[in-house]
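What follows is the content of run12.cif (mmCIF, C-alpha atoms).
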```
data_entry
#
loop_
_atom_site.label_atom_id
_atom_site.label_comp_id
_atom_site.auth_asym_id
_atom_site.auth_seq_id
_atom_site.Cartn_x
_atom_site.Cartn_y
_atom_site.Cartn_z
CA MET R 239 101.30 -91.57 357.46
CA LYS R 240 99.29 -88.61 358.87
CA GLN R 241 96.54 -87.12 356.61
CA SER R 242 96.19 -83.33 356.21
CA PRO R 243 93.10 -81.78 357.84
CA SER R 244 91.62 -80.93 354.45
CA LYS R 245 91.74 -84.51 353.33
CA ASP R 246 90.53 -85.98 356.60
CA PRO R 247 87.17 -87.76 355.90
CA ASN R 248 85.96 -86.92 359.38
CA ASN R 249 86.57 -83.22 358.88
CA THR R 250 84.78 -83.30 355.52
CA SER R 251 81.77 -85.01 357.02
CA GLN R 252 81.67 -82.51 359.85
CA ALA R 253 81.86 -79.59 357.42
CA LEU R 254 79.09 -81.04 355.30
CA ALA R 255 76.92 -81.59 358.34
CA GLU R 256 77.56 -78.03 359.52
CA SER R 257 76.72 -76.67 356.08
CA GLN R 258 73.50 -78.67 355.96
CA ARG R 259 72.59 -77.51 359.46
CA ARG R 260 73.08 -73.89 358.52
CA LEU R 261 71.09 -74.35 355.32
CA ALA R 262 68.26 -76.04 357.24
CA ASN R 263 68.24 -73.20 359.82
CA LEU R 264 68.24 -70.62 357.05
CA MET R 265 65.35 -72.27 355.21
CA ALA R 266 63.40 -72.72 358.46
CA ASN R 267 63.65 -69.00 359.18
CA LEU R 268 62.97 -67.68 355.72
CA PRO R 269 59.62 -65.81 355.32
CA GLY R 270 58.54 -68.26 352.66
CA PHE R 271 59.94 -71.43 351.17
CA ALA R 272 62.69 -72.64 348.86
CA TYR R 273 61.93 -75.18 346.18
CA ARG R 274 63.22 -77.33 343.35
CA CYS R 275 60.63 -78.36 340.79
CA LEU R 276 60.23 -79.74 337.30
CA ASN R 277 59.49 -77.31 334.46
CA THR R 278 55.93 -78.49 333.92
CA GLN R 279 52.66 -76.64 334.27
CA GLU R 280 51.98 -78.71 337.39
CA TRP R 281 55.27 -77.35 338.86
CA SER R 282 55.93 -80.82 340.34
CA MET R 283 58.09 -80.31 343.42
CA GLU R 284 61.24 -82.46 343.87
CA PHE R 285 62.01 -80.51 347.03
CA ILE R 286 60.15 -77.84 349.03
CA SER R 287 61.16 -76.38 352.40
CA GLU R 288 59.09 -76.38 355.59
CA GLY R 289 57.94 -72.75 355.05
CA CYS R 290 55.37 -73.99 352.56
CA LEU R 291 53.12 -75.09 355.41
CA GLY R 292 52.69 -71.56 356.80
CA LEU R 293 52.26 -70.04 353.36
CA THR R 294 49.99 -72.58 351.65
CA GLY R 295 48.59 -74.74 354.44
CA TYR R 296 50.13 -77.85 352.86
CA SER R 297 53.13 -79.78 354.23
CA PRO R 298 56.20 -80.53 352.05
CA GLU R 299 55.08 -84.16 351.81
CA ALA R 300 51.71 -83.11 350.40
CA LEU R 301 53.26 -80.86 347.74
CA GLU R 302 56.25 -82.96 346.67
CA ILE R 303 55.99 -85.50 343.85
CA GLY R 304 53.72 -88.31 344.94
CA GLY R 305 51.86 -86.05 347.36
CA THR R 306 48.16 -85.17 347.46
CA VAL R 307 48.33 -81.88 345.52
CA THR R 308 50.60 -80.18 343.01
CA TYR R 309 51.74 -76.59 343.43
CA GLY R 310 50.26 -75.78 340.05
CA GLU R 311 46.78 -76.48 341.44
CA LEU R 312 47.25 -73.74 344.05
CA ILE R 313 47.92 -71.03 341.47
CA HIS R 314 44.93 -68.82 340.69
CA PRO R 315 43.37 -69.93 337.38
CA ASP R 316 43.48 -66.36 336.01
CA ASP R 317 47.26 -66.16 336.62
CA ARG R 318 48.44 -69.58 335.36
CA GLU R 319 48.84 -68.79 331.67
CA LEU R 320 50.77 -65.56 332.20
CA LEU R 321 53.00 -67.14 334.88
CA TRP R 322 53.92 -70.05 332.58
CA ALA R 323 54.75 -67.69 329.71
CA GLN R 324 56.94 -65.42 331.90
CA ILE R 325 58.98 -68.31 333.33
CA GLN R 326 59.39 -70.05 329.96
CA GLN R 327 60.71 -66.84 328.44
CA ALA R 328 63.24 -66.42 331.27
CA VAL R 329 64.37 -70.06 331.02
CA ALA R 330 64.76 -69.81 327.25
CA GLU R 331 66.93 -66.71 327.64
CA ARG R 332 68.71 -68.18 330.68
CA TYR R 333 68.10 -65.31 333.07
CA PRO R 334 66.47 -65.32 336.52
CA TYR R 335 62.76 -64.72 336.71
CA ARG R 336 60.81 -62.62 339.19
CA VAL R 337 57.05 -62.96 339.12
CA GLU R 338 54.02 -62.03 341.21
CA TYR R 339 50.79 -63.99 341.20
CA ARG R 340 47.96 -65.26 343.39
CA ILE R 341 47.52 -68.64 345.06
CA ARG R 342 44.65 -70.23 346.96
CA THR R 343 45.63 -71.83 350.25
CA ARG R 344 44.31 -75.00 351.80
CA ASP R 345 41.69 -73.04 353.83
CA GLY R 346 40.50 -71.09 350.74
CA GLN R 347 42.35 -67.84 351.36
CA GLU R 348 43.70 -65.89 348.41
CA LYS R 349 47.29 -64.73 348.80
CA TRP R 350 49.68 -62.78 346.66
CA VAL R 351 53.17 -64.30 346.37
CA TRP R 352 56.48 -63.13 344.95
CA GLU R 353 58.72 -65.72 343.36
CA GLN R 354 62.31 -65.56 342.21
CA GLY R 355 64.14 -68.46 340.57
CA CYS R 356 66.22 -69.70 337.71
CA GLY R 357 66.75 -72.74 335.56
CA VAL R 358 69.24 -75.48 336.53
CA PHE R 359 71.03 -76.75 333.43
CA ALA R 360 73.14 -79.88 332.87
CA PRO R 361 76.62 -79.62 331.32
CA ASP R 362 75.09 -80.49 327.98
CA GLY R 363 72.73 -77.50 328.29
CA ASN R 364 69.57 -79.40 328.97
CA LEU R 365 67.20 -77.95 331.57
CA GLN R 366 67.05 -80.22 334.59
CA ALA R 367 64.85 -78.28 337.03
CA LEU R 368 63.86 -74.90 338.41
CA GLU R 369 65.10 -73.68 341.77
CA GLY R 370 63.93 -70.62 343.62
CA PHE R 371 62.17 -68.98 346.50
CA ILE R 372 58.53 -67.96 347.10
CA THR R 373 57.30 -65.52 349.77
CA ASP R 374 53.98 -63.99 350.83
CA ILE R 375 53.47 -60.39 349.68
CA SER R 376 49.74 -60.13 350.46
CA GLU R 377 50.24 -57.39 353.04
CA GLN R 378 52.44 -55.42 350.65
CA LYS R 379 49.83 -55.82 347.91
CA GLN R 380 47.10 -54.68 350.27
CA ALA R 381 49.20 -51.72 351.38
CA GLN R 382 49.96 -50.93 347.73
CA ALA R 383 46.27 -51.15 346.85
CA GLN R 384 45.45 -48.82 349.73
CA TRP R 385 48.23 -46.48 348.66
CA ASP R 386 47.01 -46.56 345.05
CA HIS R 387 43.46 -45.87 346.23
CA THR R 388 44.65 -43.03 348.45
CA SER R 389 46.77 -41.66 345.61
CA GLN R 390 43.79 -41.80 343.26
CA GLU R 391 41.61 -40.05 345.83
CA LEU R 392 44.31 -37.44 346.36
CA GLU R 393 44.67 -36.92 342.63
CA GLU R 394 40.89 -36.68 342.24
CA SER R 395 40.73 -34.25 345.15
CA ARG R 396 43.44 -32.13 343.54
CA ARG R 397 41.63 -32.26 340.20
CA ARG R 398 38.35 -31.19 341.79
CA LEU R 399 40.09 -28.43 343.73
CA SER R 400 41.82 -27.23 340.59
CA THR R 401 38.52 -27.28 338.66
CA LEU R 402 36.72 -25.51 341.48
CA ILE R 403 39.37 -22.81 341.77
CA ALA R 404 39.44 -22.36 337.98
CA ASN R 405 35.67 -21.83 337.88
CA LEU R 406 35.27 -19.67 340.96
CA PRO R 407 33.98 -16.13 340.22
CA GLY R 408 37.10 -14.62 341.75
CA ALA R 409 40.52 -15.68 342.96
CA ALA R 410 41.81 -18.03 345.64
CA TYR R 411 45.04 -16.93 347.29
CA ARG R 412 47.79 -17.70 349.80
CA ILE R 413 49.70 -14.64 350.95
CA LEU R 414 52.21 -13.77 353.66
CA ASN R 415 51.09 -11.73 356.66
CA THR R 416 53.13 -8.60 356.06
CA PRO R 417 51.82 -5.11 355.16
CA GLU R 418 52.47 -5.67 351.44
CA TRP R 419 50.93 -9.19 351.52
CA PRO R 420 53.40 -10.99 349.17
CA THR R 421 51.67 -13.79 347.25
CA GLU R 422 52.76 -17.42 347.49
CA PHE R 423 49.85 -18.50 345.30
CA VAL R 424 46.97 -16.83 343.48
CA SER R 425 44.60 -18.57 341.07
CA GLU R 426 44.04 -17.64 337.42
CA GLY R 427 40.82 -15.82 338.32
CA CYS R 428 42.87 -12.83 339.43
CA LEU R 429 43.40 -11.86 335.77
CA GLU R 430 39.70 -11.22 335.15
CA LEU R 431 39.22 -9.69 338.59
CA THR R 432 42.22 -7.35 338.71
CA GLY R 433 43.74 -7.27 335.23
CA TYR R 434 46.97 -8.69 336.67
CA SER R 435 48.15 -12.22 335.83
CA PRO R 436 49.20 -14.49 338.73
CA GLN R 437 52.82 -13.75 337.81
CA GLU R 438 52.26 -9.98 337.88
CA LEU R 439 50.28 -9.96 341.11
CA ASP R 440 53.30 -10.68 343.30
CA HIS R 441 51.82 -8.84 346.29
CA PHE R 442 48.28 -7.84 347.22
CA GLY R 443 49.43 -4.32 348.02
CA LEU R 444 49.01 -3.69 344.28
CA ILE R 445 45.23 -3.90 344.64
CA VAL R 446 44.71 -2.05 347.93
CA TYR R 447 44.11 1.68 348.06
CA PRO R 448 46.54 3.43 350.46
CA GLU R 449 43.65 4.94 352.41
CA ASP R 450 42.16 1.46 352.97
CA GLN R 451 45.37 -0.35 353.92
CA GLU R 452 45.42 0.46 357.64
CA ARG R 453 41.77 -0.56 358.10
CA ILE R 454 42.27 -3.83 356.23
CA TRP R 455 45.51 -4.62 358.09
CA GLU R 456 43.89 -4.02 361.50
CA THR R 457 40.86 -6.15 360.55
CA ILE R 458 43.06 -9.08 359.53
CA GLN R 459 45.37 -8.80 362.54
CA LYS R 460 42.42 -8.78 364.94
CA SER R 461 40.99 -11.96 363.38
CA LEU R 462 44.40 -13.65 363.50
CA HIS R 463 44.84 -12.73 367.15
CA GLU R 464 41.44 -14.22 368.01
CA HIS R 465 41.81 -17.18 365.59
CA TYR R 466 38.64 -16.61 363.58
CA PRO R 467 38.10 -15.99 359.82
CA TYR R 468 38.06 -12.45 358.48
CA GLN R 469 35.48 -11.01 356.09
CA PHE R 470 35.30 -7.50 354.72
CA GLU R 471 34.45 -5.43 351.66
CA HIS R 472 36.79 -2.93 350.05
CA ARG R 473 37.64 -1.25 346.79
CA ILE R 474 40.49 -2.29 344.52
CA PRO R 475 42.21 -0.44 341.66
CA THR R 476 42.53 -2.69 338.60
CA LYS R 477 45.49 -2.72 336.23
CA GLU R 478 43.38 -0.71 333.74
CA GLY R 479 42.70 1.97 336.37
CA LYS R 480 39.11 1.00 337.05
CA GLU R 481 37.66 0.76 340.54
CA LYS R 482 35.92 -2.40 341.67
CA TRP R 483 34.27 -3.47 344.89
CA VAL R 484 35.38 -6.86 346.20
CA TRP R 485 34.47 -9.15 349.10
CA THR R 486 37.37 -10.90 350.80
CA GLN R 487 37.28 -13.85 353.17
CA GLY R 488 40.19 -15.79 354.62
CA CYS R 489 41.88 -17.19 357.68
CA GLY R 490 45.31 -17.68 359.15
CA VAL R 491 47.48 -20.75 358.59
CA TYR R 492 49.31 -21.44 361.85
CA GLY R 493 52.50 -23.34 362.66
CA PRO R 494 53.05 -25.79 365.54
CA GLU R 495 53.96 -22.94 367.89
CA GLY R 496 50.91 -20.90 366.92
CA GLU R 497 52.88 -18.61 364.62
CA VAL R 498 51.13 -17.27 361.50
CA LEU R 499 52.63 -18.94 358.45
CA ALA R 500 50.33 -17.43 355.83
CA LEU R 501 46.84 -16.21 355.00
CA GLU R 502 44.59 -18.28 352.73
CA GLY R 503 41.26 -17.18 351.34
CA PHE R 504 39.12 -16.01 348.47
CA ILE R 505 38.37 -12.64 346.87
CA THR R 506 35.43 -11.98 344.53
CA ASP R 507 33.89 -9.11 342.59
CA ILE R 508 30.78 -7.53 344.16
CA THR R 509 30.71 -4.38 342.05
CA GLU R 510 27.38 -5.28 340.44
CA GLN R 511 25.87 -6.20 343.82
CA LYS R 512 27.03 -2.83 345.18
CA ARG R 513 25.44 -1.04 342.21
CA LEU R 514 22.17 -2.91 342.68
CA GLN R 515 22.25 -2.24 346.42
CA ALA R 516 22.76 1.47 345.77
CA GLN R 517 19.78 1.40 343.40
CA ARG R 518 17.68 -0.45 346.00
CA ASP R 519 18.69 2.04 348.67
CA LYS R 520 17.79 4.93 346.39
CA THR R 521 14.46 3.33 345.50
CA THR R 522 13.75 2.68 349.18
CA ARG R 523 14.47 6.31 350.03
CA GLU R 524 12.33 7.52 347.15
CA LEU R 525 9.51 5.18 348.17
CA ALA R 526 9.72 6.35 351.77
CA GLU R 527 9.62 9.96 350.61
CA SER R 528 6.69 9.22 348.29
CA GLN R 529 4.82 7.50 351.12
CA ARG R 530 5.55 10.43 353.42
CA ARG R 531 4.22 12.92 350.87
CA LEU R 532 1.15 10.77 350.24
CA ALA R 533 0.50 10.47 353.96
CA THR R 534 0.86 14.26 354.34
CA LEU R 535 -1.48 14.86 351.39
CA ILE R 536 -4.10 12.42 352.69
CA ALA R 537 -3.90 13.91 356.18
CA ASN R 538 -4.60 17.38 354.81
CA LEU R 539 -7.35 16.50 352.35
CA PRO R 540 -10.79 17.85 353.27
CA GLY R 541 -12.35 14.42 353.25
CA VAL R 542 -11.67 10.70 353.36
CA VAL R 543 -9.43 8.50 351.18
CA TYR R 544 -10.42 4.83 351.15
CA ARG R 545 -9.81 1.42 349.66
CA GLY R 546 -12.82 -0.84 349.85
CA VAL R 547 -13.93 -4.40 349.11
CA ASP R 548 -17.22 -6.29 349.39
CA ILE R 549 -19.16 -3.62 347.54
CA PRO R 550 -22.64 -4.44 348.85
CA GLN R 551 -21.50 -3.72 352.42
CA TRP R 552 -18.85 -1.12 351.53
CA SER R 553 -16.31 -2.88 353.77
CA VAL R 554 -13.00 -1.01 353.77
CA GLU R 555 -9.39 -2.20 353.94
CA PHE R 556 -8.09 1.31 354.49
CA VAL R 557 -9.67 4.63 355.40
CA SER R 558 -7.82 7.85 356.21
CA GLY R 559 -8.04 9.73 359.46
CA GLY R 560 -10.43 12.34 358.03
CA CYS R 561 -13.28 9.86 358.45
CA GLU R 562 -13.64 10.70 362.14
CA GLU R 563 -14.37 14.34 361.40
CA GLN R 564 -16.74 13.41 358.58
CA THR R 565 -18.64 10.55 360.24
CA GLY R 566 -17.75 10.51 363.94
CA TYR R 567 -16.25 6.99 363.59
CA THR R 568 -12.52 6.22 363.80
CA PRO R 569 -10.65 4.46 360.97
CA GLU R 570 -10.28 1.37 363.18
CA GLU R 571 -14.04 1.16 363.73
CA LEU R 572 -14.85 1.42 360.02
CA VAL R 573 -12.11 -1.01 358.92
CA SER R 574 -13.04 -3.69 361.44
CA GLY R 575 -16.76 -3.46 360.65
CA GLU R 576 -17.51 -4.58 364.21
CA VAL R 577 -19.16 -1.28 365.11
CA ILE R 578 -20.72 -0.31 361.79
CA ASP R 579 -20.26 -0.72 358.03
CA TYR R 580 -19.96 2.40 355.94
CA SER R 581 -23.02 1.39 353.91
CA ASP R 582 -25.09 1.62 357.10
CA LEU R 583 -24.26 5.34 357.30
CA ILE R 584 -25.85 6.07 353.92
CA HIS R 585 -29.38 7.49 354.10
CA PRO R 586 -31.90 4.66 353.45
CA GLU R 587 -33.54 6.70 350.69
CA ASP R 588 -30.18 7.06 348.85
CA ARG R 589 -28.59 3.67 349.53
CA ASP R 590 -30.02 1.63 346.63
CA ARG R 591 -29.41 4.41 344.12
CA VAL R 592 -25.81 4.91 345.18
CA GLN R 593 -25.04 1.19 345.10
CA GLU R 594 -26.59 0.80 341.68
CA GLU R 595 -24.68 3.78 340.20
CA ILE R 596 -21.36 2.44 341.53
CA ARG R 597 -22.07 -1.12 340.35
CA GLN R 598 -22.89 0.18 336.88
CA ALA R 599 -19.64 2.20 336.69
CA LEU R 600 -17.55 -0.75 337.92
CA SER R 601 -19.13 -3.13 335.42
CA GLU R 602 -18.12 -0.68 332.65
CA GLN R 603 -14.68 -0.16 334.26
CA ARG R 604 -15.08 3.61 334.44
CA PRO R 605 -14.81 6.09 337.32
CA TYR R 606 -17.94 6.94 339.32
CA ARG R 607 -19.19 10.16 340.96
CA VAL R 608 -22.15 10.11 343.33
CA GLU R 609 -23.80 12.41 345.86
CA TYR R 610 -25.74 11.08 348.87
CA ARG R 611 -26.65 11.73 352.45
CA ILE R 612 -25.24 10.02 355.54
CA HIS R 613 -26.16 9.97 359.22
CA THR R 614 -23.13 10.57 361.44
CA ARG R 615 -22.51 8.99 364.81
CA THR R 616 -24.31 11.88 366.51
CA GLY R 617 -27.30 11.55 364.15
CA GLU R 618 -26.40 14.61 362.10
CA GLU R 619 -27.31 14.43 358.42
CA LYS R 620 -24.63 15.37 355.93
CA TRP R 621 -24.38 15.50 352.20
CA MET R 622 -21.35 13.66 350.75
CA TRP R 623 -19.66 13.73 347.34
CA GLU R 624 -17.73 10.60 346.38
CA GLN R 625 -15.47 9.85 343.44
CA GLY R 626 -13.70 6.54 342.86
CA CYS R 627 -12.83 3.73 340.49
CA GLY R 628 -12.31 0.01 340.44
CA VAL R 629 -8.94 -1.74 340.80
CA PHE R 630 -8.82 -4.63 338.36
CA GLY R 631 -6.40 -7.55 338.07
CA PRO R 632 -4.67 -8.65 334.83
CA ASP R 633 -7.60 -11.00 334.20
CA GLY R 634 -10.07 -8.11 334.45
CA VAL R 635 -11.50 -9.28 337.77
CA LEU R 636 -12.39 -6.53 340.23
CA GLN R 637 -10.07 -6.65 343.24
CA ALA R 638 -11.07 -3.48 345.11
CA GLN R 639 -12.29 0.07 344.74
CA GLU R 640 -10.42 3.21 345.70
CA GLY R 641 -11.71 6.72 346.02
CA PHE R 642 -12.35 9.93 347.93
CA VAL R 643 -15.36 11.16 349.92
CA THR R 644 -15.87 14.74 351.09
CA ASP R 645 -18.58 16.74 352.91
CA ILE R 646 -20.63 18.99 350.59
CA SER R 647 -23.32 19.91 353.11
CA GLU R 648 -22.42 23.62 352.96
CA GLN R 649 -22.55 23.61 349.15
CA LYS R 650 -25.92 21.84 349.29
CA GLN R 651 -27.19 24.35 351.84
CA ALA R 652 -25.96 27.26 349.66
CA GLN R 653 -27.66 25.72 346.64
CA ALA R 654 -30.91 25.40 348.61
CA GLN R 655 -30.68 29.02 349.74
CA THR R 656 -29.98 30.16 346.19
CA GLN R 657 -32.95 28.19 344.91
CA ALA R 658 -35.19 29.69 347.59
CA LEU R 659 -34.11 33.23 346.62
CA ARG R 660 -34.84 32.51 342.97
CA GLU R 661 -38.29 31.25 343.78
CA GLU R 662 -38.90 34.31 345.97
CA LEU R 663 -37.83 36.65 343.13
CA LEU R 664 -40.11 34.85 340.70
CA THR R 665 -43.01 35.31 343.12
CA ILE R 666 -42.26 39.05 343.52
CA ASN R 667 -41.93 39.60 339.80
CA ALA R 668 -45.13 37.77 339.14
#
```
Please express what this file holds, its structure, as structure tokens.
Amino acid sequence: MKQSPSKDPNNTSQALAESQRRLANLMANLPGFAYRCLNTQEWSMEFISEGCLGLTGYSPEALEIGGTVTYGELIHPDDRELLWAQIQQAVAERYPYRVEYRIRTRDGQEKWVWEQGCGVFAPDGNLQALEGFITDISEQKQAQAQWDHTSQELEESRRRLSTLIANLPGAAYRILNTPEWPTEFVSEGCLELTGYSPQELDHFGLIVYPEDQERIWETIQKSLHEHYPYQFEHRIPTKEGKEKWVWTQGCGVYGPEGEVLALEGFITDITEQKRLQAQRDKTTRELAESQRRLATLIANLPGVVYRGVDIPQWSVEFVSGGCEEQTGYTPEELVSGEVIDYSDLIHPEDRDRVQEEIRQALSEQRPYRVEYRIHTRTGEEKWMWEQGCGVFGPDGVLQAQEGFVTDISEQKQAQAQTQALREELLTINA
């Protein structure tokens, strides 16, 4: 009697062999290994596929029961307790488990593995073994760690940027490059700067005076054409109708074809700086005018204005141009002291008296007035009248002396003539 193909022992053996061959090929090509183990903390292996060698460094013979090492010894000590608890909970509830943990390989490497398995139960419900699959996920873990680190850095960067923008004395912006400059983004600082909230400030045309728009547009377009940042100052009208001066800086954002996608930049209030600059400019003009008037006055005085130091020698830091007419020496010659010191011009018979009178006045911090004779460059004798005072520092220390010297020779001559006439009249009347 002929047997049917399905009952033919030869066919059954061939099918079994083919099934085992396919299973062996599948296990050999899996990126990991399949296993069957006892539910003990040593995870004693009854069966483990060849992939364990590449993953752990140990052969199946070494890891199976009776081998040199148990799989439980490979599990990282810090992960063993949690792993046991997770698998026991899954087995108790009879659902598959999926766990991640670390192992240490034969050569000491640390690897992350992913394991999926389930309990194998007998008909009476008793747990017989665990069967599952384990694969290396170290690269994924490393990539995830890098991703997490990058994400944290990105989040921190965003936080810092947000904090920076929130605390900037002005507003950051991103606007479109059209004459009305529609806003894609403007920071909260715009409220304090312009009076408009970010929602209200939907285009920068709101804060540009019509008479300034063409100049600003041309400035921005030129910088975009030449691919360099723009900077300029201009006025803005605020929501409350006030006028402010602002400084704007920005640059173009370009697409892959070089097209302008947007403008990004920063705008800040410089109204106070403008006010201070106007005050400085006014003060500078007033100072220049004061200096001009002083120079004109000094140039037309009938004498010499000076600032001196080193009182015993009467060395001067400054002496006006009138000194050449009075003494025959130029200001440069008297200031340098290389040709002559002013004290050398004073008549020897008057020098000690004059120095003593000036020293006395300076010690008492009061003005001085003295009359004395000098010998000019040509040897002429002249009578001089000098008035001056000391310049003292906050600590009361003398820093310099400033004053004025003028020729009184004619007055002295007139006085002498008057005195001679008086004496002559007295003689006649006697």
Contact residues around stretch 277-294 of chain R with only C-alpha atoms at 6 Å, ignoring same-chain residues under 4 positions, as a PDB file with C-alpha atoms, in the coordinates of the input:
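Resulting contents of result_21.pdb:
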```pdb
ATOM      1  CA  GLY R 270      58.540 -68.260 352.660  1.00  0.00           C
ATOM      2  CA  PHE R 271      59.940 -71.430 351.170  1.00  0.00           C
ATOM      3  CA  ALA R 272      62.690 -72.640 348.860  1.00  0.00           C
ATOM      4  CA  TYR R 273      61.930 -75.180 346.180  1.00  0.00           C
ATOM      5  CA  PRO R 298      56.200 -80.530 352.050  1.00  0.00           C
ATOM      6  CA  GLU R 302      56.250 -82.960 346.670  1.00  0.00           C
ATOM      7  CA  ILE R 303      55.990 -85.500 343.850  1.00  0.00           C
ATOM      8  CA  THR R 308      50.600 -80.180 343.010  1.00  0.00           C
ATOM      9  CA  TYR R 309      51.740 -76.590 343.430  1.00  0.00           C
ATOM     10  CA  GLY R 310      50.260 -75.780 340.050  1.00  0.00           C
ATOM     11  CA  THR R 343      45.630 -71.830 350.250  1.00  0.00           C
TER      12      THR R 343
END
```
Selection result for the PyMOL selection byres ((chain R and resi 589) around 12) on this file, as a list in words: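 Against this file, the PyMOL selection byres ((chain R and resi 589) around 12) returns the residues Pro550, Gln551, Trp552, Tyr580, Ser581, Asp582, Leu583, Ile584, His585, Pro586, Glu587, Asp588, Asp590, Arg591, Val592, Gln593, Glu594, Glu595, Ile596, Val608, Glu609, Tyr610, Arg611, Ile612 and His613 of chain R.
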Coordinates-based distance that separates atom CA of R:Ser425 from atom CA of R:Thr506 (Å, one decimal): 11.8 Å
Evaluate the PyMOL selection byres ((chain R and resi 349) around 9) and report residues as a compact mmCIF listing (two decimals) with C-alpha atoms, in the frame of the given file:
```txt
# COMPACT_ATOMS: atom_id res chain seq x y z
CA LEU R 293 52.26 -70.04 353.36
CA THR R 294 49.99 -72.58 351.65
CA TYR R 339 50.79 -63.99 341.20
CA ARG R 340 47.96 -65.26 343.39
CA ILE R 341 47.52 -68.64 345.06
CA ARG R 342 44.65 -70.23 346.96
CA THR R 343 45.63 -71.83 350.25
CA GLN R 347 42.35 -67.84 351.36
CA GLU R 348 43.70 -65.89 348.41
CA TRP R 350 49.68 -62.78 346.66
CA VAL R 351 53.17 -64.30 346.37
CA ASP R 374 53.98 -63.99 350.83
CA ILE R 375 53.47 -60.39 349.68
CA SER R 376 49.74 -60.13 350.46
CA GLU R 377 50.24 -57.39 353.04
```
Smallest atom-to-atom distance to R:Tyr606: which of R:Phe642, R:Thr306, R:Glu555, R:Gln380, using only C-alpha atoms?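 Closest residue, counting only C-alpha atoms: R:Phe642.
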Tell me which of R:Arg318, R:Arg604, R:Lys477, R:Arg453 sits closest to R:Leu429, counting only C-alpha atoms. R:Lys477
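For the set R:Val577, R:Leu636, R:Leu431, R:Leu444, the residue with the smallest atom-to-atom gap to R:Ser601 is R:Leu636, counting all atoms listed in the file.
The shortest atom-to-atom distance to R:Asp645, with only C-alpha atoms taken into account, belongs to R:Lys620 out of R:Lys620, R:Lys512, R:Arg523, R:His465.
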Between atom CA of R:Glu464 and atom CA of R:Ile413, what distance in Å does the model show, to one decimal?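 Computing it gives 19.0 Å between the two atoms.
If you measure from each of R:Tyr333, R:Gly370, R:Thr614, R:Tyr544 to R:Glu562 using all atoms listed in the file, the closest one turns out to be R:Thr614.
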Given the file shown, determine the residues that the PyMOL selection byres ((chain R and resi 536-538) around 12) selects; report them as a list in words. Gln529, Arg530, Arg531, Leu532, Ala533, Thr534, Leu535, Leu539, Pro540, Gly541, Val542, Val543, Tyr544, Phe556, Val557, Ser558, Gly559, Gly560, Cys561, Glu562, Glu563, Gly641, Phe642 and Val643 of chain R
Could you tell me how far atom CA of R:Gly626 lies from atom CA of R:Ala599, in Å and to one decimal?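 So the answer is 9.6 Å.
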